[in-house]
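*Asks:* One structure is given below, represented as structure tokens, and several questions about it will come after.
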Amino acid sequence: MRKGCQPVAWHGDHVVIIDQTRLPGEEVYLKLDDYREVAAAIQELKIRGAPAIGIAGAYAVALGARRIKTAEPGRFRRELQDIIDAIAATRPTARNLFFALERMKKAAMPGHSPADIKQALVDEAVRIHEEEADATHHLSLFGAGLIGDGWTVLTHCNTGPLATSGFGTALGVIIAARDQGKLVKVLATETRPLLQGARLTTWECRQASIPVTLITDSMAGYFMRKREVNAVITGADRIAANGDTANKIGTYTLAVLARENRILFYIAAPTSTIDGSVKTGDAIPIEERNPREVTCIQGVPIAPEGVEAANPAFDVTPHRYITAIITEKGIIGKPFREGIKKQLEGDAR
Ligand code: MRU
């Protein structure tokens, strides 16, 4: 099930994405038919959010394969691998990108002709898109049961339909709770440096008619201490086998503040975000982005020219701060390692 403004649509020989760097001021749609354009759009955050990055990455592989000219199977596979490697190099943290690329690689079945593989890649990308959208719908319904009537829920970054090409993760849970008839208010952190909360979450809340109050990242503790937050819920870019979770920079700070103030702290993500091969959060690769994203706001300098700035895009929240992890297969409580293992084996619900 898909809801709200969808970030990517497949049109047979091209994709159309909404340029998220231009929201909320302008709704600009981009028609992309070259995998390099899609890769650049991912790197530049025109399309963003872990599940949406995975879906766009899958379509990029299908677009790249269409343009391979050789009919010689060995050469075709080598060129396809180069395309997959280029897409993989765009953003290192979101597990969903690698999940999708691994599936695309498997779909390029050995022993089949390049023409058959090209079609199989399109079919697989569409399947990944549908499955991811369904997963976010299911996890939102599971998570909605954890939200009480009349609650104020604090969320970080942007995790709605725009970030998922589906229903949403953390914001999907909030939307589903409201759809169940609960009165829910959102406190949205602005999410410096790139303001996904200020620009996108407030916009999606408005579209979904959910009351939202924008706060700066540094105000979160103030509202928690005043008992004005009932729960914090965020998405994830990669979850390690022990439940440690990488998400947008600032999530760790929120989790520690939530613990200090005895506030529930939930993570909502599809199982495609879980990386069972990574034992703990220490092994999750953290994307470092251009420091200009910190020294400027929307291109306008706010610091002295040439000043040094750091720009890690994500941080890791240790599993001990997390109350539960919500996926499309159900709610994982502690101990996370066992619950995660069961869900990855596909037998938990
Ligand atoms: O850098 P972004 O905007 O891609 O970061 C997105 C987030 O951190 C989201 O919280 C995460 O991808 C989960 S989304 C559904």
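Quick note on naming: the chains in the structure tokens go A, B, ... in the order shown, residues restart at 1 in each chain, and ligands are numbered from 1 in order of appearance.
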Residues within 7 Å of ligand 1, counting only C-alpha atoms and all ligand atoms: report them as a list in words.

*Replies:*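 If we count only C-alpha atoms and all ligand atoms, the neighbours of ligand 1 turn out to be Leu45, Arg48, Gly49, Ala50, Pro51, Ala94, His156, Cys157, Asn158, Thr159, Gly160, Ala163, Thr164, Gly168, Thr169, Gln196, Thr234, Gly235, Ala236, Asp237, Asn247, Lys248, Ala269, Ala313 and Phe314 of chain A.
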
*Asks:* Could you pull the residues within 10 Å of Ala231 (chain A), counting only C-alpha atoms, minus those fewer than 3 positions along the same chain, as a PyMOL selection string?

*Replies:* chain A and resi 146-148+151-155+224+228+258+262-266

*Asks:* Write a file of the just-selected residues containing C-alpha atoms, as a PDB file, in the first residue's frame.

*Replies:*
```pdb
ATOM      1  CA  LEU A 146       1.999   0.934  20.485  1.00  0.00           C
ATOM      2  CA  ILE A 147       0.765   4.529  20.211  1.00  0.00           C
ATOM      3  CA  GLY A 148      -1.775   5.762  22.746  1.00  0.00           C
ATOM      4  CA  TRP A 151      -0.112  11.117  22.587  1.00  0.00           C
ATOM      5  CA  THR A 152       2.561  13.518  21.391  1.00  0.00           C
ATOM      6  CA  VAL A 153       5.214  11.632  19.471  1.00  0.00           C
ATOM      7  CA  LEU A 154       8.622  13.108  18.746  1.00  0.00           C
ATOM      8  CA  THR A 155      10.242  12.048  15.479  1.00  0.00           C
ATOM      9  CA  MET A 224      10.965  15.696  27.177  1.00  0.00           C
ATOM     10  CA  GLU A 228       5.362  16.844  26.734  1.00  0.00           C
ATOM     11  CA  ALA A 258      14.533   9.607  26.179  1.00  0.00           C
ATOM     12  CA  ARG A 262      11.922   7.529  31.004  1.00  0.00           C
ATOM     13  CA  ILE A 263      10.284   7.953  27.603  1.00  0.00           C
ATOM     14  CA  LEU A 264       9.608   5.077  25.200  1.00  0.00           C
ATOM     15  CA  PHE A 265      12.044   4.994  22.272  1.00  0.00           C
ATOM     16  CA  TYR A 266      11.000   2.974  19.205  1.00  0.00           C
TER      17      TYR A 266
END
```

*Asks:* Could you give me, as a PyMOL selection string, each residue of region 176-254 of chain A that DSSP assigns to alpha helix (DSSP H) when run on this structure's backbone?

*Replies:* chain A and resi 176-179+196+202-207+220-225+251-254

*Asks:* So what do you get for CA of Ala324 (chain A) versus CA of Leu183 (chain A), distance-wise?

*Replies:*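 Separating CA of Ala324 (chain A) from CA of Leu183 (chain A) is a distance of 22.0 Å.
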